[in-house]
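Below is one structure; the comments refer to it alone.
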There are 2 protein chains.
Amino acid sequence: MTNDLARRIRVARGLEPADVVVRGGRIVDVLTQEIRRADVAIVGQWIVGVGEGLGGREEIDVGGRFVCPGFVDAHVHVESSMVAPGRFADAVLPHGTTTIVSDPHEIANVLGVDGVRWMLDASEGLDLSVLVMAPACVPASRLETAGARLVAADLVALAKHPRVLGLAEMMNYPGVLAGDPEELAKLAAFAGLPIDGHVPGVRGPDLQAYVAAGVVSDHECLTADEAREKVALGMTVFLREATNARNLLDVLPAVTPRNARRFAFCTDDRVPGELLDDGSIDALARMAIGAGLDPLTAITMASLNAAEHYGLRDRGAIAPGRRADLVVVEDLHALRPSLVLAGGRVVARDGERVGGGALAPSGLPPTMNVAWRDHLRLAQESDRVRAIGLIADQLITTSSVESLAAAGSGGVAGPDPARDLLRLSVIERHTASGAVGQGFVSGFGLRRGALASSVAHDSHNIVVAAADDGDALVAARAVAEMGGGLVVVAGGEVRAAVALPLAGLLADRPPREVADELAHATRVAAELGCVLTAPFMALSFLALPVIPSLKLTDQGLVDVDAFALTPVFV
Amino acid sequence: MTNDLARRIRVARGLEPADVVVRGGRIVDVLTQEIRRADVAIVGQWIVGVGEGLGGREEIDVGGRFVCPGFVDAHVHVESSMVAPGRFADAVLPHGTTTIVSDPHEIANVLGVDGVRWMLDASEGLDLSVLVMAPACVPASRLETAGARLVAADLVALAKHPRVLGLAEMMNYPGVLAGDPEELAKLAAFAGLPIDGHVPGVRGPDLQAYVAAGVVSDHECLTADEAREKVALGMTVFLREATNARNLLDVLPAVTPRNARRFAFCTDDRVPGELLDDGSIDALARMAIGAGLDPLTAITMASLNAAEHYGLRDRGAIAPGRRADLVVVEDLHALRPSLVLAGGRVVARDGERVGGGALAPSGLPPTMNVAWRDHLRLAQESDRVRAIGLIADQLITTSSVESLAAAGSGGVAGPDPARDLLRLSVIERHTASGAVGQGFVSGFGLRRGALASSVAHDSHNIVVAAADDGDALVAARAVAEMGGGLVVVAGGEVRAAVALPLAGLLADRPPREVADELAHATRVAAELGCVLTAPFMALSFLALPVIPSLKLTDQGLVDVDAFALTPVFV
């Protein structure tokens with residue numbers, strides 16, 4: 001290590017040539033908030049010099065283009081991309097994201113500490129720097145069956161890994177506010193380290209209490225005013241633009257020249273198609289710039305601010321001693337990376353990945369442990385049921401009481417696709433307990449067939465929305481037979497599928513392939529009448545009992561506002 | 001711990017009264033860069049709420065005065081105050097400094113790791129938060145005898161202490177630039193942690209190399225232009241105003257609204273009288289404001305910037321979850337603290353310490369291990385000698401060749417006070433080796449007697465400047481008999497003394513007492529003809545062979561530019 005260091009010093013002093021020199025660029029200097037012409041000399045993974053007259057064995061002339069520091073995603077769930085970390089890297093590196101702070105919350109809900117360790121192994125040595133926060137809320141609630149439970153001691157053990165930075169989003173803010181000893185033990189164990197927050201819409205004394213408990217960031221602001229309040233309390237606010245939660249433009253007015261230092265960007269959850277086609281942190285910065293934010297400020301938020309928030313002294317700016325993570329762009333407003341270096345190597349050019357295709361390690365166990373019933377029919381107990389109502393592009397749902405048509409054959413409370421009332425089932429898949437939650441959902445518009453998925457936040461049981469009880473069972477079994485994934489079934493046959501055999505969440509395949517399959521499945525669902533642009537995204541949040549108003553878990557229908565199970569039949 | 005946390009949460013939510021509420025203040029919000037009216041609720045050491053309508057068991061009405069976050073000294077040697085840490089706290093808390101990042105470099109040179117551990121013990125549980133950097137350069141050079149040697153493994157062991165943050169100023173920049181394996185091992189061991197720099201006037205490729213090696217701050221800038229260069233390389237620049245090195249006003253023009261985030265303040269070395277009467281970080285902020293810096297920017301540099309540089313998430317701003325370190329002032333320009341809280345307790349009021357007087361732990365061994373000679377006379381070898389020339393208020397010296405008068409009795413090369421040519425001796429005091437360095441110095445103006453001190457950077461041997469060879473020996477022995485300290489001798493008698501028996505550097509007495517004794521000794525020296533305002537400060541740097549041009553150690557006269565011993569006689 002000191003030999004490498006000695007060489008970096010000699011190169012910086014001009015006594016030896018650098019490995020690589022990026023020549024002729026205009027450096028976006030987020031430290032001084034200036035743009036200046038300079039070359040960048042690189043040895044191994046590191047910048048050793050920024051200036052004039054630096055020579056290298058390899059020279060990359062960027063001909064007057066702008067050179068930005070690599071972008072940092074301040075909070076992201078890799079699992080939402082549906083691909084393993086190496087494949088995720090292939091998706092985001094061409095967009096200039098060279099560091100992510102990830103929360104492996106989803107795989108932790110399926111496989112616990114082993115799942116987190118697998119994500120750490122699968123991201124070891126990638127061109128993308130994958131930093132990890134210890135998942136704070138596994139399981140997400142007591143009203144569902146998850147594959148694992150992480151207690152404070154598990155999280156402390158994880159924190160010893162050199163790439164684990166702190167405690168991930170503390171979603172159980174009611175627990176924190178109530179003084180739940182288990183949640184407080186987690187916070188106390190991470191005192192002084194970064195603890196990410198998750199408090200959408202929480203304000204006033206409750207917010208102060210949550211911050212007083214040690215939480216130092218939030219990415220769930222709904223309005224600029226909320227962001228201002230959080231910044232004044234010392235939180236770093238991450239502007240988020242996720243596939244399923246688009247808050248950036250609402251929050252952006254909170255950013256001013258005087259307080260910009262306290263903001264960063266995060267993608268949180270992006271499906272593979274959006275990562276590939278819209279982008280990663282570049283897309284958020286671009287959107288903010290398009291809305292009027294100074295590009296230098298946006299790039300500072302996209303790099304230095306996130307790095308400094310997490311105490312990452314070795315990145316976030318183009319300066320000696322920092323990682324050679326560089327993003328070359330022609331235009332600071334368009335912000336389209338034409339060249340990306342990560343750790344001193346060219347990893348993408350003109351939006352295409354150079355290299356990549358890293359395979360994930362083996363070793364994940366099968367996770368489809370289902371005690372199957374021979375049908376998913378629901379016996380009718382009354383003619384009025386509580387139904388979940390989807391709201392387009394939102395995670396919250398309505399809760400309404402609907403009249404059923406006359407009972408189906410054999411007293412079955414069946415779906416009523418003519419009235420857009422589908423049958424919803426959640427099948428426990430971790431412990432083969434045989435638990436199945438049953439309910440109704442409106443808003444899909446599916447006229448026939450069924451959609452099923454083993455991606456079902458946060459416990460990731462198998463969720464099925466069906467216009468036909470028979471297709472529901474076929475779909476659920478098809479998901480399980482693939483080891484997990486998404487399917488569209490009609491007439492008893494699988495019409496489209498996306499296999500996600502790693503923990504039932506991820507594929508170790510090129511992200512474009514997974515994105516195309518998902519797009520195909522979405523089209524097939526539309527052919528069956530589905531009116532949603534992202535039906536599997538909608539499906540995957542119907543089992544998350546921490547977001548209002550009515551949700552379904554393997555334990556049954558959950559009245560989220562009361563945080564209690566509630567009967568389907570009224 | 002979680003019980004305390006639960007209580008903080010309940011108070012923040014308004015369910016219980018706070019311990020203390022600071023009511024009616026105008027909060028200097030360094031996070032939003034705004035000033036707003038709010039109360040501050042405190043539980044134990046912690047802020048739990050900032051807002052309206054907070055109730056407490058004790059209420060402190062500050063009647064519209066400004067409430068600033070506690071000041072953070074980004075780099076300071078407690079030893080320069082000549083008092084133990086608890087007494088140092090008594091000096092700086094009334095000035096609003098509630099956190100210091102200290103480098104126990106001086107005591108480490110005397111007592112090694114044991115000295116550092118003693119400083120940690122002596123600062124445990126004080127009202128002042130004393131954070132420590134592991135001393136990087138002990139001994140300071142190979143041309144002197146220190147009391148200890150710290151290698152990388154020693155520093156790594158120290159770093160395990162919860163109050164040790166990183167590696168202190170890496171003064172041996174020539175060693176770093178030359179790739180000295182021992183220095184690189186220290187840097188490598190602290191990779192990713194704060195590593196403080198020390199590179200006065202170093203620019204260009206050498207500076208880039210030094211930063212590439214992992215150093216992240218500097219407090220030795222001589223000009224604004226140098227500071228700009230360092231900031232662009234990613235360093236945090238600490239503006240310094242020490243008793244013996246006054247750079248603040250020269251560097252201040254580098255601070256702009258766009259880059260202010262990258263600057264903090266440090267006192268580095270201040271004698272007790274200056275700490276008491278001019279101040280600590282408040283004095284630097286006041287000076288900067290007086291020179292035109294926006295008070296809000298100055299206060300941000302004095303608090304948040306230093307805290308964020310060192311990764312101290314629990315302080316630096318007035319917000320829930322942070323330490324209740326508060327400084328109340330009437331006027332943001334005058335910046336005179338009328339009330340100071342540290343860790344939730346009132347620790348000073350109207351410039352007077354409330355409480356204090358913490359005694360230092362025992363356990364330091366005696367450090368005056370001298371093999372005495374029966375005289376300090378120097379045999380004359382020629383009539384031309386190399387002499388050190390003091391420059392007022394600077395640490396650098398001239399090097400000149402002076403003619404001696406005819407040899408004294410017995411062929412002794414004696415002092416010539418009529419021409420302001422004093423005899424200088426440095427007597428090894430750590431290992432009783434009997435080593436004595438001999439030379440000449442001009443610039444004191446002493447007409448008779450001798451000054452001696454066991455404070456003699458960085459090895460802290462006994463240094464004596466004398467107009468009389470006999471008084472020189474009396475003075476050196478008097479220092480040793482006190483266990484260390486400063487003396488003025490004339491006519492064979494001690495005329496003034498400051499006893500510093502802890503490592504020969506510190507007293508465990510009220511700082512005012514030590515300051516008064518030092519002032520008295522300075523007056524007595526003046527009565528003997530001394531023309532310097534701070535003769536003991538000047539004396540203490542004459543043995544530091546890393547600052548040009550000519551210095552004296554126990555090994556002999558050092559030509560600093562050549563970094564080699566050189567004969568006294570030409």
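To be explicit about the labels: the chains of the structure tokens are called A, B, and onward in the order shown, and within each one the residues are counted from 1, while ligands get numbers from 1 in the order they are shown.
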
Set out as CSV a contact list for chain A and chain B with a cut-off of 7 Å, giving each residue of chain A that qualifies its closest atom pair and distance in Å to one decimal, counting only C-alpha atoms, ordered by chain and rising residue number.
```
residue,atom,partner,partner_atom,distance
A:Thr2,CA,B:Leu184,CA,5.7
A:Leu5,CA,B:Ala213,CA,6.4
A:Ala6,CA,B:Gly179,CA,5.1
A:Arg8,CA,B:Ala212,CA,6.9
A:Ile9,CA,B:Ala209,CA,4.7
A:Ala12,CA,B:Ala209,CA,4.7
A:Arg13,CA,B:Pro205,CA,4.8
A:Leu31,CA,B:Ala232,CA,6.0
A:Thr32,CA,B:Asn259,CA,5.2
A:Gln33,CA,B:Arg258,CA,6.2
A:Val48,CA,B:Ala212,CA,5.2
A:Gly49,CA,B:Gln208,CA,5.8
A:Leu177,CA,B:Ile9,CA,6.5
A:Gly179,CA,B:Ala6,CA,5.1
A:Pro181,CA,B:Thr2,CA,6.8
A:Leu184,CA,B:Thr2,CA,5.7
A:Ala185,CA,B:Thr2,CA,6.1
A:Ala188,CA,B:Thr2,CA,6.5
A:Gly192,CA,B:Arg313,CA,6.1
A:Pro205,CA,B:Arg13,CA,4.8
A:Asp206,CA,B:Arg13,CA,5.5
A:Gln208,CA,B:Gly49,CA,5.8
A:Ala209,CA,B:Ala12,CA,4.7
A:Val211,CA,B:Pro320,CA,5.8
A:Ala212,CA,B:Gly321,CA,3.7
A:Ala213,CA,B:Gly321,CA,6.0
A:Gly214,CA,B:Gly321,CA,5.4
A:Val231,CA,B:Leu31,CA,6.8
A:Ala232,CA,B:Thr32,CA,5.8
A:Leu233,CA,B:Ala319,CA,5.0
A:Gly234,CA,B:Ala319,CA,5.9
A:Arg258,CA,B:Gln33,CA,6.2
A:Asn259,CA,B:Thr32,CA,5.2
A:Gly311,CA,B:Gly311,CA,6.2
A:Arg313,CA,B:Gly192,CA,6.1
A:Asp314,CA,B:Gly192,CA,6.7
A:Ala319,CA,B:Leu233,CA,5.0
A:Pro320,CA,B:Ala212,CA,4.4
A:Gly321,CA,B:Ala212,CA,3.7
```

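Pairwise distance (CA of Asp282 (chain A), CA of Val62 (chain A)) equals 19.2 Å.
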
- [ ] Can you pull out every residue within 10 Å of Phe88 (chain B), counting only C-alpha atoms, but drop anything in the same chain fewer than 2 positions away, and send it as a ChimeraX atom specification?
- [x] /B:78-86,90-93,123,128,272,275-276,356-358,508-511

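Omitting Val76 (chain B) and its sequence neighbours fewer than 2 positions away, and counting only C-alpha atoms, the residues within 6 Å are Ser102, Thr267 and Asp268 of chain B.
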
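Using only C-alpha atoms, the protein and nucleic acid residues lying no more than 9 Å from Lys551 (chain A), apart from those fewer than 3 places from it along its own chain, are Ile388, Thr397, Ser399, Gly439, Phe541, Leu542, Ala543, Leu544, Pro545, Val546, Ile547, Pro548, Gly556, Leu557, Val558, Asp559 and Val560 of chain A.
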
Selected residues, all heavy atoms, written as a short mmCIF file (atom, residue, chain, number, x, y, z; two decimals), in the first residue's frame, please.
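Output (part.cif):
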```
data_model
loop_
_atom_site.label_atom_id
_atom_site.label_comp_id
_atom_site.auth_asym_id
_atom_site.auth_seq_id
_atom_site.Cartn_x
_atom_site.Cartn_y
_atom_site.Cartn_z
N ILE A 388 -59.31 -2.63 -1.73
CA ILE A 388 -58.20 -1.69 -1.92
C ILE A 388 -58.42 -0.98 -3.25
O ILE A 388 -58.73 -1.62 -4.25
CB ILE A 388 -56.86 -2.45 -1.96
CG1 ILE A 388 -56.64 -3.22 -0.65
CG2 ILE A 388 -55.71 -1.50 -2.26
CD1 ILE A 388 -55.47 -4.20 -0.71
N THR A 397 -53.22 3.98 -1.09
CA THR A 397 -54.44 3.42 -1.72
C THR A 397 -55.65 4.00 -1.02
O THR A 397 -55.56 4.53 0.10
CB THR A 397 -54.49 1.89 -1.55
OG1 THR A 397 -54.66 1.59 -0.16
CG2 THR A 397 -53.23 1.23 -2.08
N SER A 399 -59.47 2.96 0.57
CA SER A 399 -60.13 1.82 1.19
C SER A 399 -61.62 2.07 1.04
O SER A 399 -62.13 3.09 1.50
CB SER A 399 -59.75 1.75 2.68
OG SER A 399 -60.52 0.79 3.33
N GLY A 439 -58.14 -10.83 -0.49
CA GLY A 439 -58.87 -9.56 -0.53
C GLY A 439 -59.28 -9.19 -1.94
O GLY A 439 -59.30 -10.06 -2.84
N PHE A 541 -46.54 -3.05 -4.40
CA PHE A 541 -46.72 -2.24 -3.19
C PHE A 541 -48.04 -2.52 -2.48
O PHE A 541 -48.31 -1.94 -1.43
CB PHE A 541 -46.57 -0.75 -3.50
CG PHE A 541 -45.13 -0.34 -3.63
CD1 PHE A 541 -44.53 -0.24 -4.87
CD2 PHE A 541 -44.36 -0.11 -2.50
CE1 PHE A 541 -43.19 0.10 -4.99
CE2 PHE A 541 -43.02 0.24 -2.60
CZ PHE A 541 -42.43 0.34 -3.85
N LEU A 542 -48.83 -3.43 -3.03
CA LEU A 542 -50.12 -3.71 -2.40
C LEU A 542 -49.98 -4.52 -1.12
O LEU A 542 -50.93 -4.63 -0.34
CB LEU A 542 -51.03 -4.45 -3.39
CG LEU A 542 -51.56 -3.57 -4.53
CD1 LEU A 542 -52.40 -4.38 -5.49
CD2 LEU A 542 -52.38 -2.42 -3.94
N ALA A 543 -48.78 -5.07 -0.92
CA ALA A 543 -48.57 -5.89 0.28
C ALA A 543 -47.75 -5.15 1.35
O ALA A 543 -47.28 -5.76 2.30
CB ALA A 543 -47.86 -7.19 -0.10
N LEU A 544 -47.58 -3.84 1.18
CA LEU A 544 -46.73 -3.07 2.11
C LEU A 544 -47.60 -2.37 3.15
O LEU A 544 -48.18 -1.32 2.89
CB LEU A 544 -45.92 -2.04 1.31
CG LEU A 544 -44.93 -1.19 2.11
CD1 LEU A 544 -43.90 -2.05 2.83
CD2 LEU A 544 -44.24 -0.20 1.20
N PRO A 545 -47.68 -2.94 4.35
CA PRO A 545 -48.69 -2.47 5.31
C PRO A 545 -48.23 -1.25 6.11
O PRO A 545 -48.76 -1.03 7.20
CB PRO A 545 -48.87 -3.69 6.21
CG PRO A 545 -47.53 -4.33 6.23
CD PRO A 545 -46.94 -4.10 4.86
N VAL A 546 -47.24 -0.50 5.62
CA VAL A 546 -46.84 0.71 6.33
C VAL A 546 -47.23 1.95 5.53
O VAL A 546 -46.90 3.06 5.92
CB VAL A 546 -45.33 0.72 6.66
CG1 VAL A 546 -45.00 -0.40 7.62
CG2 VAL A 546 -44.49 0.64 5.40
N ILE A 547 -47.89 1.75 4.40
CA ILE A 547 -48.32 2.90 3.60
C ILE A 547 -49.85 2.84 3.50
O ILE A 547 -50.41 1.82 3.11
CB ILE A 547 -47.66 2.89 2.21
CG1 ILE A 547 -46.14 3.04 2.37
CG2 ILE A 547 -48.25 3.98 1.32
CD1 ILE A 547 -45.39 3.17 1.09
N PRO A 548 -50.53 3.92 3.89
CA PRO A 548 -52.00 3.92 3.92
C PRO A 548 -52.61 3.69 2.53
O PRO A 548 -51.92 3.90 1.52
CB PRO A 548 -52.34 5.33 4.43
CG PRO A 548 -51.06 5.86 5.03
CD PRO A 548 -49.96 5.21 4.29
N GLY A 556 -53.41 -11.23 6.15
CA GLY A 556 -54.75 -10.74 5.92
C GLY A 556 -54.77 -9.27 5.55
O GLY A 556 -53.71 -8.66 5.32
N LEU A 557 -55.97 -8.73 5.52
CA LEU A 557 -56.17 -7.34 5.13
C LEU A 557 -55.75 -6.42 6.28
O LEU A 557 -56.10 -6.66 7.44
CB LEU A 557 -57.65 -7.14 4.80
CG LEU A 557 -58.07 -6.04 3.84
CD1 LEU A 557 -57.36 -6.15 2.49
CD2 LEU A 557 -59.59 -6.11 3.65
N VAL A 558 -54.99 -5.36 5.97
CA VAL A 558 -54.46 -4.47 7.00
C VAL A 558 -55.05 -3.07 6.82
O VAL A 558 -54.92 -2.46 5.76
CB VAL A 558 -52.92 -4.40 6.94
CG1 VAL A 558 -52.39 -3.42 7.99
CG2 VAL A 558 -52.30 -5.78 7.13
N ASP A 559 -55.69 -2.61 7.88
CA ASP A 559 -56.10 -1.20 7.96
C ASP A 559 -54.86 -0.44 8.46
O ASP A 559 -54.52 -0.50 9.64
CB ASP A 559 -57.27 -1.07 8.95
CG ASP A 559 -57.67 0.39 9.15
OD1 ASP A 559 -56.86 1.30 8.88
OD2 ASP A 559 -58.81 0.61 9.61
N VAL A 560 -54.18 0.23 7.55
CA VAL A 560 -52.87 0.80 7.90
C VAL A 560 -53.02 1.93 8.91
O VAL A 560 -52.18 2.08 9.81
CB VAL A 560 -52.13 1.28 6.63
CG1 VAL A 560 -50.78 1.88 6.99
CG2 VAL A 560 -51.96 0.13 5.65
#
```

Open item on the list: What parts of region 69-183 of chain B does DSSP call alpha helix (DSSP H)? I'd like the answer as a PyMOL selection string.
Closed with: chain B and resi 85-92+105-122+152-158+173-177+181-183

Task: Members of region 193-350 of chain A assigned strand (DSSP E) by DSSP, as a ChimeraX atom specification - done: /A:195-197,217-218,236-242,245-246,263-266,326-329,337-342,345-349

Task: Contacts of Asp458 (chain A) within 8 Å, only C-alpha atoms, excl. fewer than 4 positions in-chain, as a ChimeraX atom specification - done: /A:105-106,109,139-140,146,543-544

Residues from the last selection, N, CA and C atoms, saved as a PDB file, in the first residue's frame:
```
ATOM      1  N   HIS A 105     -32.441  -3.551   1.646  1.00  0.00           N
ATOM      2  CA  HIS A 105     -33.600  -3.820   2.501  1.00  0.00           C
ATOM      3  C   HIS A 105     -34.435  -4.988   1.970  1.00  0.00           C
ATOM      4  N   GLU A 106     -34.555  -5.069   0.643  1.00  0.00           N
ATOM      5  CA  GLU A 106     -35.463  -6.079   0.088  1.00  0.00           C
ATOM      6  C   GLU A 106     -34.888  -7.479   0.278  1.00  0.00           C
ATOM      7  N   ASN A 109     -35.099  -8.685   3.760  1.00  0.00           N
ATOM      8  CA  ASN A 109     -36.397  -9.207   4.172  1.00  0.00           C
ATOM      9  C   ASN A 109     -36.601 -10.654   3.755  1.00  0.00           C
ATOM     10  N   PRO A 139     -38.360  -7.347   9.877  1.00  0.00           N
ATOM     11  CA  PRO A 139     -39.366  -7.054   8.856  1.00  0.00           C
ATOM     12  C   PRO A 139     -39.911  -5.642   9.003  1.00  0.00           C
ATOM     13  N   ALA A 140     -40.650  -5.220   7.983  1.00  0.00           N
ATOM     14  CA  ALA A 140     -41.181  -3.859   7.989  1.00  0.00           C
ATOM     15  C   ALA A 140     -42.293  -3.703   9.015  1.00  0.00           C
ATOM     16  N   ALA A 146     -42.090 -12.203   7.088  1.00  0.00           N
ATOM     17  CA  ALA A 146     -40.909 -11.969   6.261  1.00  0.00           C
ATOM     18  C   ALA A 146     -40.002 -13.186   6.361  1.00  0.00           C
ATOM     19  N   ALA A 543     -48.784  -5.073  -0.919  1.00  0.00           N
ATOM     20  CA  ALA A 543     -48.569  -5.887   0.283  1.00  0.00           C
ATOM     21  C   ALA A 543     -47.752  -5.150   1.347  1.00  0.00           C
ATOM     22  N   LEU A 544     -47.582  -3.843   1.184  1.00  0.00           N
ATOM     23  CA  LEU A 544     -46.733  -3.074   2.107  1.00  0.00           C
ATOM     24  C   LEU A 544     -47.602  -2.374   3.147  1.00  0.00           C
TER      25      LEU A 544
END
```

Open item on the list: Can you tell me which residues surround region 466-474 of chain A at a distance of at most 8 Å, considering only C-alpha atoms, apart from same-chain residues fewer than 2 positions away, and format the answer as a ChimeraX atom specification?
Closed with: /A:375-377,414-417,421-424,446-452,464,476-478,489-494

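Across the model, the gap from CA of Val487 (chain A) to CA of Ala435 (chain A) is 21.1 Å.
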
- [ ] Pick out the closest residue to Ala159 (chain A) from this set: A:Val113, A:Glu402, A:Glu144, A:Leu359. Count only C-alpha atoms.
- [x] A:Val113

Open item on the list: What's the separation between CA of Gly56 (chain A) and CA of Gly343 (chain A), in Å to one decimal place?
Closed with: 16.0 Å

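Checking B:Val401, B:Ala465, B:Val455, B:Leu506 one by one against Cys530 (chain B), counting only C-alpha atoms, you find the shortest gap at B:Ala465.
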